[in-house]
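Source file: entry.cif. Holds: mmCIF, C-alpha atoms.
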data_entry
#
loop_
_atom_site.group_PDB
_atom_site.id
_atom_site.type_symbol
_atom_site.label_atom_id
_atom_site.label_comp_id
_atom_site.auth_asym_id
_atom_site.auth_seq_id
_atom_site.Cartn_x
_atom_site.Cartn_y
_atom_site.Cartn_z
ATOM 1 C CA MET A 120 -96.812 -83.830 -27.471
ATOM 2 C CA ALA A 121 -99.983 -84.596 -29.417
ATOM 3 C CA GLY A 122 -101.594 -81.465 -27.996
ATOM 4 C CA ARG A 123 -98.726 -79.320 -29.238
ATOM 5 C CA SER A 124 -98.865 -80.929 -32.685
ATOM 6 C CA ASP A 125 -102.593 -80.267 -32.861
ATOM 7 C CA SER A 126 -102.044 -76.631 -31.855
ATOM 8 C CA GLU A 127 -99.332 -76.150 -34.474
ATOM 9 C CA ALA A 128 -101.525 -77.736 -37.150
ATOM 10 C CA ARG A 129 -104.412 -75.438 -36.197
ATOM 11 C CA SER A 130 -102.131 -72.397 -36.323
ATOM 12 C CA ALA A 131 -100.828 -73.386 -39.767
ATOM 13 C CA LYS A 132 -104.401 -73.869 -41.029
ATOM 14 C CA LEU A 133 -105.463 -70.465 -39.708
ATOM 15 C CA ARG A 134 -102.379 -68.780 -41.200
ATOM 16 C CA LYS A 135 -103.165 -70.077 -44.675
ATOM 17 C CA VAL A 136 -106.615 -68.451 -44.691
ATOM 18 C CA TYR A 137 -105.296 -65.310 -42.939
ATOM 19 C CA ALA A 138 -102.541 -64.908 -45.538
ATOM 20 C CA ALA A 139 -105.049 -65.067 -48.394
ATOM 21 C CA LEU A 140 -107.304 -62.553 -46.632
ATOM 22 C CA VAL A 141 -104.605 -59.943 -45.948
ATOM 23 C CA ALA A 142 -102.755 -60.302 -49.259
ATOM 24 C CA GLY A 143 -105.848 -60.506 -51.467
ATOM 25 C CA PRO A 144 -107.537 -57.192 -50.519
ATOM 26 C CA ALA A 145 -104.172 -55.451 -50.743
ATOM 27 C CA SER A 146 -103.900 -56.470 -54.427
ATOM 28 C CA VAL A 147 -100.496 -58.007 -53.811
ATOM 29 C CA ALA A 148 -98.756 -58.968 -57.038
ATOM 30 C CA ASP A 149 -95.872 -60.955 -55.511
ATOM 31 C CA ARG A 150 -97.338 -64.256 -54.307
ATOM 32 C CA ARG A 151 -94.249 -64.815 -52.131
ATOM 33 C CA ILE A 152 -95.739 -62.261 -49.733
ATOM 34 C CA GLU A 153 -98.851 -64.345 -49.180
ATOM 35 C CA ALA A 154 -96.584 -67.355 -48.617
ATOM 36 C CA ALA A 155 -94.565 -65.386 -46.051
ATOM 37 C CA PHE A 156 -97.704 -64.469 -44.085
ATOM 38 C CA ALA A 157 -98.730 -68.126 -44.173
ATOM 39 C CA ALA A 158 -95.317 -69.278 -42.956
ATOM 40 C CA ILE A 159 -94.638 -66.967 -39.990
ATOM 41 C CA PRO A 160 -96.503 -67.717 -36.727
ATOM 42 C CA ARG A 161 -97.839 -64.436 -35.352
ATOM 43 C CA GLU A 162 -98.236 -65.776 -31.798
ATOM 44 C CA THR A 163 -94.443 -65.946 -31.427
ATOM 45 C CA PHE A 164 -94.259 -62.169 -31.742
ATOM 46 C CA ALA A 165 -97.482 -61.265 -29.909
ATOM 47 C CA GLY A 166 -96.169 -62.695 -26.636
ATOM 48 C CA PRO A 167 -98.080 -64.741 -24.043
ATOM 49 C CA ALA A 168 -101.879 -64.815 -24.198
ATOM 50 C CA PRO A 169 -104.318 -63.315 -23.506
ATOM 51 C CA TRP A 170 -103.612 -60.727 -26.181
ATOM 52 C CA THR A 171 -104.919 -57.211 -26.699
ATOM 53 C CA ILE A 172 -106.499 -56.643 -30.102
ATOM 54 C CA VAL A 173 -106.669 -53.092 -31.459
ATOM 55 C CA THR A 174 -109.821 -52.139 -33.342
ATOM 56 C CA PRO A 175 -110.781 -48.820 -34.945
ATOM 57 C CA ALA A 176 -112.936 -46.616 -32.750
ATOM 58 C CA PRO A 177 -116.511 -45.910 -33.916
ATOM 59 C CA ARG A 178 -116.664 -42.680 -35.903
ATOM 60 C CA ARG A 179 -118.287 -40.793 -33.027
ATOM 61 C CA LEU A 180 -115.339 -41.752 -30.777
ATOM 62 C CA ARG A 181 -112.561 -41.478 -33.389
ATOM 63 C CA GLN A 182 -110.865 -38.538 -31.647
ATOM 64 C CA ARG A 183 -110.328 -40.699 -28.552
ATOM 65 C CA GLY A 184 -108.117 -43.154 -30.398
ATOM 66 C CA PRO A 185 -108.329 -46.933 -30.923
ATOM 67 C CA VAL A 186 -110.398 -49.371 -28.899
ATOM 68 C CA TYR A 187 -108.542 -52.183 -27.119
ATOM 69 C CA VAL A 188 -110.199 -55.597 -26.678
ATOM 70 C CA ARG A 189 -108.681 -58.337 -24.509
ATOM 71 C CA THR A 190 -108.953 -61.884 -25.844
ATOM 72 C CA PRO A 191 -110.522 -64.390 -23.440
ATOM 73 C CA ASP A 192 -107.908 -67.097 -24.006
ATOM 74 C CA ASP A 193 -104.982 -68.236 -26.156
ATOM 75 C CA ASP A 194 -106.922 -69.331 -29.235
ATOM 76 C CA PRO A 195 -104.666 -68.230 -32.142
ATOM 77 C CA ALA A 196 -107.759 -67.483 -34.231
ATOM 78 C CA PHE A 197 -107.841 -64.092 -32.505
ATOM 79 C CA LEU A 198 -104.443 -63.242 -34.008
ATOM 80 C CA TYR A 199 -105.173 -64.380 -37.555
ATOM 81 C CA GLN A 200 -107.392 -61.481 -38.517
ATOM 82 C CA ASP A 201 -106.569 -58.172 -40.179
ATOM 83 C CA VAL A 202 -106.070 -56.438 -36.834
ATOM 84 C CA LEU A 203 -103.329 -54.727 -34.867
ATOM 85 C CA ILE A 204 -101.935 -56.442 -31.758
ATOM 86 C CA ALA A 205 -100.924 -54.217 -28.846
ATOM 87 C CA LEU A 206 -97.375 -54.633 -27.554
ATOM 88 C CA ASP A 207 -97.626 -51.592 -25.275
ATOM 89 C CA ALA A 208 -101.096 -50.037 -25.319
ATOM 90 C CA GLU A 209 -100.097 -47.088 -23.123
ATOM 91 C CA ARG A 210 -97.467 -45.974 -25.623
ATOM 92 C CA GLY A 211 -99.494 -46.969 -28.690
ATOM 93 C CA ILE A 212 -96.929 -49.577 -29.818
ATOM 94 C CA HIS A 213 -98.545 -52.306 -31.911
ATOM 95 C CA ILE A 214 -97.860 -55.085 -34.358
ATOM 96 C CA GLY A 215 -99.292 -53.204 -37.329
ATOM 97 C CA GLN A 216 -102.177 -53.995 -39.628
ATOM 98 C CA PRO A 217 -101.292 -56.987 -41.832
ATOM 99 C CA SER A 218 -103.067 -55.818 -45.004
ATOM 100 C CA LEU A 219 -101.213 -52.487 -44.918
ATOM 101 C CA HIS A 220 -97.870 -54.236 -44.499
ATOM 102 C CA ALA A 221 -98.732 -56.699 -47.281
ATOM 103 C CA LEU A 222 -99.329 -53.743 -49.597
ATOM 104 C CA CYS A 223 -96.099 -52.062 -48.443
ATOM 105 C CA LEU A 224 -93.940 -55.176 -48.758
ATOM 106 C CA ASP A 225 -95.271 -55.689 -52.275
ATOM 107 C CA ALA A 226 -94.277 -52.102 -53.150
ATOM 108 C CA LEU A 227 -90.849 -52.381 -51.500
ATOM 109 C CA ALA A 228 -90.251 -55.699 -53.310
ATOM 110 C CA PRO A 229 -87.483 -57.310 -51.202
ATOM 111 C CA GLN A 230 -85.718 -59.933 -53.317
ATOM 112 C CA PRO A 231 -83.731 -63.059 -52.423
ATOM 113 C CA GLY A 232 -80.137 -62.170 -51.564
ATOM 114 C CA GLU A 233 -80.803 -58.479 -50.896
ATOM 115 C CA THR A 234 -79.803 -56.487 -47.822
ATOM 116 C CA VAL A 235 -82.761 -54.801 -46.116
ATOM 117 C CA LEU A 236 -82.781 -52.329 -43.233
ATOM 118 C CA GLN A 237 -85.867 -52.117 -41.044
ATOM 119 C CA VAL A 238 -86.333 -49.134 -38.736
ATOM 120 C CA GLY A 239 -88.762 -49.786 -35.893
ATOM 121 C CA ALA A 240 -88.681 -53.580 -35.601
ATOM 122 C CA GLY A 241 -90.919 -53.853 -32.528
ATOM 123 C CA SER A 242 -91.050 -57.494 -31.449
ATOM 124 C CA GLY A 243 -89.888 -58.616 -34.909
ATOM 125 C CA TYR A 244 -92.993 -59.909 -36.724
ATOM 126 C CA TYR A 245 -92.518 -57.949 -39.952
ATOM 127 C CA THR A 246 -88.753 -58.447 -39.619
ATOM 128 C CA ALA A 247 -89.410 -62.184 -39.893
ATOM 129 C CA LEU A 248 -91.457 -61.612 -43.054
ATOM 130 C CA LEU A 249 -88.588 -59.598 -44.514
ATOM 131 C CA ALA A 250 -86.187 -62.409 -43.591
ATOM 132 C CA HIS A 251 -88.453 -64.911 -45.329
ATOM 133 C CA LEU A 252 -88.501 -62.769 -48.477
ATOM 134 C CA VAL A 253 -84.731 -62.166 -48.760
ATOM 135 C CA GLY A 254 -83.896 -65.736 -47.718
ATOM 136 C CA PRO A 255 -80.698 -67.042 -46.132
ATOM 137 C CA THR A 256 -78.559 -65.518 -48.889
ATOM 138 C CA GLY A 257 -79.817 -62.060 -47.876
ATOM 139 C CA GLN A 258 -79.445 -59.942 -44.751
ATOM 140 C CA VAL A 259 -81.862 -57.992 -42.569
ATOM 141 C CA HIS A 260 -80.612 -55.318 -40.161
ATOM 142 C CA ALA A 261 -83.483 -54.531 -37.790
ATOM 143 C CA PHE A 262 -83.193 -51.348 -35.723
ATOM 144 C CA GLU A 263 -85.229 -50.999 -32.530
ATOM 145 C CA ILE A 264 -84.474 -48.119 -30.148
ATOM 146 C CA ASP A 265 -86.526 -49.513 -27.233
ATOM 147 C CA PRO A 266 -84.203 -51.904 -25.331
ATOM 148 C CA ASP A 267 -86.980 -54.195 -24.069
ATOM 149 C CA LEU A 268 -88.505 -54.584 -27.523
ATOM 150 C CA ALA A 269 -85.047 -55.085 -29.052
ATOM 151 C CA ALA A 270 -84.401 -57.916 -26.584
ATOM 152 C CA ARG A 271 -87.752 -59.511 -27.438
ATOM 153 C CA ALA A 272 -87.053 -59.209 -31.159
ATOM 154 C CA THR A 273 -83.602 -60.759 -30.753
ATOM 155 C CA ALA A 274 -85.089 -63.814 -29.028
ATOM 156 C CA ASN A 275 -88.025 -64.097 -31.432
ATOM 157 C CA LEU A 276 -85.815 -63.888 -34.526
ATOM 158 C CA ALA A 277 -83.291 -66.538 -33.486
ATOM 159 C CA PRO A 278 -84.596 -68.980 -36.167
ATOM 160 C CA TRP A 279 -83.428 -66.521 -38.851
ATOM 161 C CA PRO A 280 -79.644 -66.205 -38.365
ATOM 162 C CA TRP A 281 -79.372 -63.797 -41.298
ATOM 163 C CA VAL A 282 -81.226 -61.193 -39.199
ATOM 164 C CA ARG A 283 -79.260 -58.819 -36.970
ATOM 165 C CA VAL A 284 -81.209 -56.812 -34.377
ATOM 166 C CA CYS A 285 -79.562 -53.472 -33.530
ATOM 167 C CA ALA A 286 -80.724 -51.954 -30.234
ATOM 168 C CA ARG A 287 -80.293 -48.339 -31.310
ATOM 169 C CA SER A 288 -81.762 -45.597 -33.440
ATOM 170 C CA GLY A 289 -82.084 -46.385 -37.116
ATOM 171 C CA VAL A 290 -81.669 -42.772 -38.225
ATOM 172 C CA ALA A 291 -78.047 -42.168 -37.234
ATOM 173 C CA ASP A 292 -74.882 -42.883 -39.208
ATOM 174 C CA PRO A 293 -73.382 -45.267 -39.903
ATOM 175 C CA LEU A 294 -75.961 -47.541 -41.505
ATOM 176 C CA PRO A 295 -75.084 -50.590 -43.626
ATOM 177 C CA ALA A 296 -75.380 -50.221 -47.397
ATOM 178 C CA ALA A 297 -78.835 -51.465 -48.356
ATOM 179 C CA ASP A 298 -80.956 -52.500 -51.308
ATOM 180 C CA ALA A 299 -84.149 -51.606 -49.443
ATOM 181 C CA ILE A 300 -85.115 -49.724 -46.274
ATOM 182 C CA TYR A 301 -88.464 -50.259 -44.560
ATOM 183 C CA VAL A 302 -89.411 -47.729 -41.867
ATOM 184 C CA ASN A 303 -92.219 -48.497 -39.422
ATOM 185 C CA ALA A 304 -92.477 -45.179 -37.563
ATOM 186 C CA GLY A 305 -93.637 -41.792 -38.822
ATOM 187 C CA ALA A 306 -91.280 -38.970 -39.798
ATOM 188 C CA THR A 307 -91.718 -35.492 -41.235
ATOM 189 C CA ARG A 308 -88.783 -35.996 -43.614
ATOM 190 C CA PRO A 309 -86.519 -38.775 -44.879
ATOM 191 C CA ALA A 310 -83.421 -39.161 -42.696
ATOM 192 C CA ARG A 311 -80.202 -38.304 -44.507
ATOM 193 C CA ALA A 312 -78.710 -41.548 -43.193
ATOM 194 C CA TRP A 313 -81.360 -43.544 -45.090
ATOM 195 C CA LEU A 314 -80.672 -41.741 -48.348
ATOM 196 C CA LYS A 315 -76.911 -42.264 -47.953
ATOM 197 C CA ALA A 316 -77.291 -45.970 -47.146
ATOM 198 C CA LEU A 317 -79.268 -46.812 -50.297
ATOM 199 C CA ARG A 318 -77.395 -48.395 -53.158
ATOM 200 C CA PRO A 319 -78.238 -47.204 -56.708
ATOM 201 C CA GLY A 320 -81.630 -48.641 -57.535
ATOM 202 C CA GLY A 321 -82.344 -49.118 -53.827
ATOM 203 C CA ARG A 322 -85.814 -48.432 -52.417
ATOM 204 C CA LEU A 323 -86.875 -46.531 -49.307
ATOM 205 C CA LEU A 324 -90.423 -46.857 -47.975
ATOM 206 C CA PHE A 325 -91.374 -44.780 -44.931
ATOM 207 C CA PRO A 326 -94.427 -43.095 -43.379
ATOM 208 C CA LEU A 327 -94.170 -39.394 -44.222
ATOM 209 C CA GLN A 328 -96.553 -37.700 -41.835
ATOM 210 C CA SER A 329 -97.073 -34.420 -40.057
ATOM 211 C CA GLY A 330 -97.081 -34.111 -36.300
ATOM 212 C CA GLN A 331 -100.867 -33.894 -36.571
ATOM 213 C CA GLY A 332 -101.246 -37.533 -37.531
ATOM 214 C CA ARG A 333 -102.309 -38.883 -40.891
ATOM 215 C CA GLY A 334 -99.720 -39.230 -43.608
ATOM 216 C CA GLY A 335 -98.723 -41.605 -46.373
ATOM 217 C CA MET A 336 -96.279 -44.405 -47.109
ATOM 218 C CA LEU A 337 -93.799 -42.753 -49.470
ATOM 219 C CA LEU A 338 -91.703 -44.959 -51.752
ATOM 220 C CA LEU A 339 -88.441 -43.489 -53.106
ATOM 221 C CA GLN A 340 -85.933 -45.122 -55.441
ATOM 222 C CA ARG A 341 -82.342 -43.968 -55.646
ATOM 223 C CA PRO A 342 -81.329 -43.268 -59.253
ATOM 224 C CA SER A 343 -77.915 -44.159 -60.639
ATOM 225 C CA GLY A 344 -77.365 -40.446 -61.241
ATOM 226 C CA GLY A 345 -79.054 -37.099 -60.818
ATOM 227 C CA ALA A 346 -80.898 -35.414 -57.976
ATOM 228 C CA ALA A 347 -84.470 -36.390 -58.956
ATOM 229 C CA TRP A 348 -85.643 -39.712 -57.549
ATOM 230 C CA PRO A 349 -88.736 -41.652 -58.667
ATOM 231 C CA ALA A 350 -91.340 -41.357 -55.911
ATOM 232 C CA ARG A 351 -94.919 -42.345 -55.215
ATOM 233 C CA PHE A 352 -97.276 -42.767 -52.304
ATOM 234 C CA VAL A 353 -98.309 -46.367 -51.717
ATOM 235 C CA SER A 354 -101.095 -45.702 -49.223
ATOM 236 C CA PHE A 355 -102.394 -43.402 -46.551
ATOM 237 C CA ALA A 356 -100.993 -44.391 -43.152
ATOM 238 C CA ILE A 357 -100.666 -43.377 -39.513
ATOM 239 C CA PHE A 358 -97.717 -44.601 -37.433
ATOM 240 C CA ILE A 359 -96.333 -43.676 -34.049
ATOM 241 C CA PRO A 360 -93.646 -40.943 -34.329
ATOM 242 C CA LEU A 361 -90.099 -42.068 -35.005
ATOM 243 C CA ARG A 362 -87.880 -41.841 -31.933
ATOM 244 C CA GLY A 363 -84.340 -40.541 -32.352
ATOM 245 C CA MET A 364 -85.296 -38.020 -35.037
ATOM 246 C CA PRO A 365 -86.680 -34.525 -34.346
ATOM 247 C CA GLN A 366 -90.353 -34.249 -35.246
ATOM 248 C CA GLU A 367 -90.546 -30.951 -37.085
ATOM 249 C CA ASP A 368 -93.633 -28.796 -36.960
ATOM 250 C CA ALA A 369 -94.915 -29.171 -40.513
ATOM 251 C CA PRO A 370 -98.378 -27.624 -40.875
ATOM 252 C CA ALA A 371 -97.814 -27.351 -44.638
ATOM 253 C CA LEU A 372 -97.371 -31.122 -44.762
ATOM 254 C CA ALA A 373 -100.698 -31.622 -42.990
ATOM 255 C CA THR A 374 -102.253 -29.253 -45.530
ATOM 256 C CA ALA A 375 -100.742 -31.240 -48.421
ATOM 257 C CA PHE A 376 -102.183 -34.501 -47.087
ATOM 258 C CA GLY A 377 -105.505 -32.779 -46.508
ATOM 259 C CA ARG A 378 -105.812 -32.163 -50.259
ATOM 260 C CA GLY A 379 -106.022 -35.917 -50.799
ATOM 261 C CA ASP A 380 -104.101 -35.878 -54.095
ATOM 262 C CA LEU A 381 -101.330 -38.316 -53.129
ATOM 263 C CA PRO A 382 -101.313 -40.068 -56.544
ATOM 264 C CA ALA A 383 -100.070 -36.816 -58.127
ATOM 265 C CA VAL A 384 -96.572 -37.192 -56.598
ATOM 266 C CA ARG A 385 -94.017 -38.493 -59.104
ATOM 267 C CA SER A 386 -90.561 -37.484 -57.862
ATOM 268 C CA PHE A 387 -88.419 -36.583 -54.864
ATOM 269 C CA ARG A 388 -85.908 -33.779 -55.428
ATOM 270 C CA LEU A 389 -82.799 -32.675 -53.575
ATOM 271 C CA ALA A 390 -81.574 -29.895 -55.835
ATOM 272 C CA GLY A 391 -82.935 -26.705 -57.327
ATOM 273 C CA PRO A 392 -85.676 -24.431 -56.040
ATOM 274 C CA PRO A 393 -89.224 -25.829 -56.033
ATOM 275 C CA ASP A 394 -91.141 -24.969 -59.199
ATOM 276 C CA THR A 395 -94.844 -24.960 -60.011
ATOM 277 C CA SER A 396 -94.895 -28.770 -59.858
ATOM 278 C CA CYS A 397 -94.086 -28.709 -56.123
ATOM 279 C CA TRP A 398 -96.474 -30.865 -54.077
ATOM 280 C CA TYR A 399 -94.657 -30.226 -50.774
ATOM 281 C CA ASP A 400 -91.548 -28.173 -49.958
ATOM 282 C CA GLY A 401 -89.472 -29.690 -47.165
ATOM 283 C CA GLY A 402 -86.831 -26.960 -47.224
ATOM 284 C CA ASP A 403 -83.766 -28.827 -48.503
ATOM 285 C CA TRP A 404 -85.916 -31.382 -50.370
ATOM 286 C CA TRP A 405 -89.279 -31.361 -52.105
ATOM 287 C CA LEU A 406 -91.866 -33.595 -53.725
ATOM 288 C CA SER A 407 -92.891 -32.887 -57.292
ATOM 289 C CA THR A 408 -95.724 -33.911 -59.593
ATOM 290 C CA ARG A 409 -93.194 -34.049 -62.464
ATOM 291 C CA GLU A 410 -91.619 -37.310 -63.601
ATOM 292 C CA PRO A 411 -87.964 -37.542 -62.502
#
I need this file expressed as structure tokens, please.
Amino acid sequence: MAGRSDSEARSAKLRKVYAALVAGPASVADRRIEAAFAAIPRETFAGPAPWTIVTPAPRRLRQRGPVYVRTPDDDPAFLYQDVLIALDAERGIHIGQPSLHALCLDALAPQPGETVLQVGAGSGYYTALLAHLVGPTGQVHAFEIDPDLAARATANLAPWPWVRVCARSGVADPLPAADAIYVNAGATRPARAWLKALRPGGRLLFPLQSGQGRGGMLLLQRPSGGAAWPARFVSFAIFIPLRGMPQEDAPALATAFGRGDLPAVRSFRLAGPPDTSCWYDGGDWWLSTREP
């Protein structure tokens, strides 16, 4: 019993420093996010040790993908760094980089009592952070299309009864009405089901990316009226492709990201032909550099 208490105390000590490290560099304004990282034990969601840590490949090997390093033992210090943890290395499924998610959660701004949808829950680590942020008066609906991961997430998230894990695609109707939607897999367009599910004032944050890789975390806010939504990119990002949604060939999207001018985007538009302010034309939607 004493050994377990010592281990839990060590984990809590490590989490406090880890939370400050991942929230500080991300310039997080909401201090509740740092508290959430400090509160949630990452080892619960990483699975049994030893763990596989994902590190960026050296520049000369970048085209070969990430480098995987196996930890020698179950010391939780390996988990409390700003690194990805492999859940399935062969398929490239990871618990994502904490500092990126700290930045994204700050932008999405989940509030106590809100309903949040998460698409791509994995083993549930960032679902638990969402649950911490909305509190027991809120709700989190976590969608995970992989049945094994959905089962793991369901078990891991049992301490948060206001979380519901849905073992299905998170891009198909019907979806619950939501104040915020957080997508953790890359798509070449926003799913219509996400746009329909958002309440007025609701926020959608998802990785918009071409099939060629790099993209950006795009934040949209549903207006109370009109077809122009406030929009901005929060960060560059690369996620695994979203399952359950066709991945369109979008070379023009890769070209847009290649320009590197993500801060120019100001609005998301569903009506009218694209004008000279068009940053990217998605066919039946477009991103504009004009204010909504």
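Distances to Asp403 in chain A were evaluated for A:Ala304, A:Ala296, A:Ile264, A:Ala390 using only C-alpha atoms, and the minimum falls at A:Ala390.
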Using the file's own x, y and z axes, what box holds all listed atoms of range 378-394 of chain A with 4 Å on each side, keeping edges along x, y and z, and what are its centre and edge lengths in Å to one decimal, as AutoDock Vina command-line options?
--center_x -93.8 --center_y -32.2 --center_z -54.7 --size_x 32.4 --size_y 23.6 --size_z 16.9
Using only C-alpha atoms, which residue out of A:Asp125, A:Asp265, A:Asp400, A:Asp298 lies closest to Ala286 in chain A? A:Asp265
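Using the PyMOL selection byres ((chain A and resi 284) around 9) on the file at hand returns these residues: Ala240, Gly243, Val259, His260, Ala261, Phe262, Glu263, Ala269, Ala270, Ala272, Thr273, Leu276, Val282, Arg283, Cys285 and Ala286 of chain A.
You can rank A:Ala228, A:Leu248, A:Ala168, A:Ala277 by their closest distance to Gln340 in chain A using only C-alpha atoms, and at the top of that list sits A:Ala228.
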Taking into account all atoms listed in the file, which residue in the set A:Ser126, A:Gln258, A:Ser396, A:Thr234 is nearest to Arg318 in chain A? A:Thr234
Could you name the residues that touch Pro382 in chain A at 10 Å or less, counting only C-alpha atoms, but leaving out those on the same chain fewer than 5 positions away, as a VMD selection string? chain A and resid 351 to 354 408
Taking the file as shown, what set of residues would the PyMOL selection byres ((chain A and resi 335) around 9) give back, as a VMD selection string? chain A and resid 325 to 328 333 to 334 336 to 337 352 to 357 376 381
Write the residues you've just listed into a file as a JSON list (two decimals), in the frame of the given file, and include C-alpha atoms for each of them.
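To be explicit, this is the file written out as result.json:
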[["chain", "number", "residue", "atom", "x", "y", "z"],
["A", 325, "PHE", "CA", -91.37, -44.78, -44.93],
["A", 326, "PRO", "CA", -94.43, -43.10, -43.38],
["A", 327, "LEU", "CA", -94.17, -39.39, -44.22],
["A", 328, "GLN", "CA", -96.55, -37.70, -41.84],
["A", 333, "ARG", "CA", -102.31, -38.88, -40.89],
["A", 334, "GLY", "CA", -99.72, -39.23, -43.61],
["A", 336, "MET", "CA", -96.28, -44.40, -47.11],
["A", 337, "LEU", "CA", -93.80, -42.75, -49.47],
["A", 352, "PHE", "CA", -97.28, -42.77, -52.30],
["A", 353, "VAL", "CA", -98.31, -46.37, -51.72],
["A", 354, "SER", "CA", -101.10, -45.70, -49.22],
["A", 355, "PHE", "CA", -102.39, -43.40, -46.55],
["A", 356, "ALA", "CA", -100.99, -44.39, -43.15],
["A", 357, "ILE", "CA", -100.67, -43.38, -39.51],
["A", 376, "PHE", "CA", -102.18, -34.50, -47.09],
["A", 381, "LEU", "CA", -101.33, -38.32, -53.13]]
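Picture a line from CA of Ala291 in chain A to CA of Ala205 in chain A; it runs 27.2 Å.
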Pull out every residue that the PyMOL selection byres ((chain A and resi 155) around 10) matches in the shown coordinates and put them as a ChimeraX atom specification. /A:134-135,138,150-154,156-160,221,245,247-252
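Between CA of Ala350 in chain A and CA of Ala383 in chain A there is a distance of 10.1 Å.
As for CA of Ile359 in chain A and CA of Trp313 in chain A, they are spaced 18.6 Å apart.
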Identify which of the residues A:Pro342, A:Pro195, A:Pro309, A:Pro169 lies closest to Ala128 in chain A, counting all atoms listed in the file when measuring atom-to-atom distances. A:Pro195
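Using all atoms listed in the file, the smallest distance between any of A:Asp292, A:Asp394, A:Glu162, A:Glu209 and Lys315 in chain A comes from A:Asp292.
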With only C-alpha atoms as the counted atoms, please give the residues lying no more than 12 Å from range 196-199 of chain A, apart from itself and same-chain residues fewer than 5 positions off, as a ChimeraX atom specification. /A:126,129-141,156-157,159-173,188-191,204-205,214-218
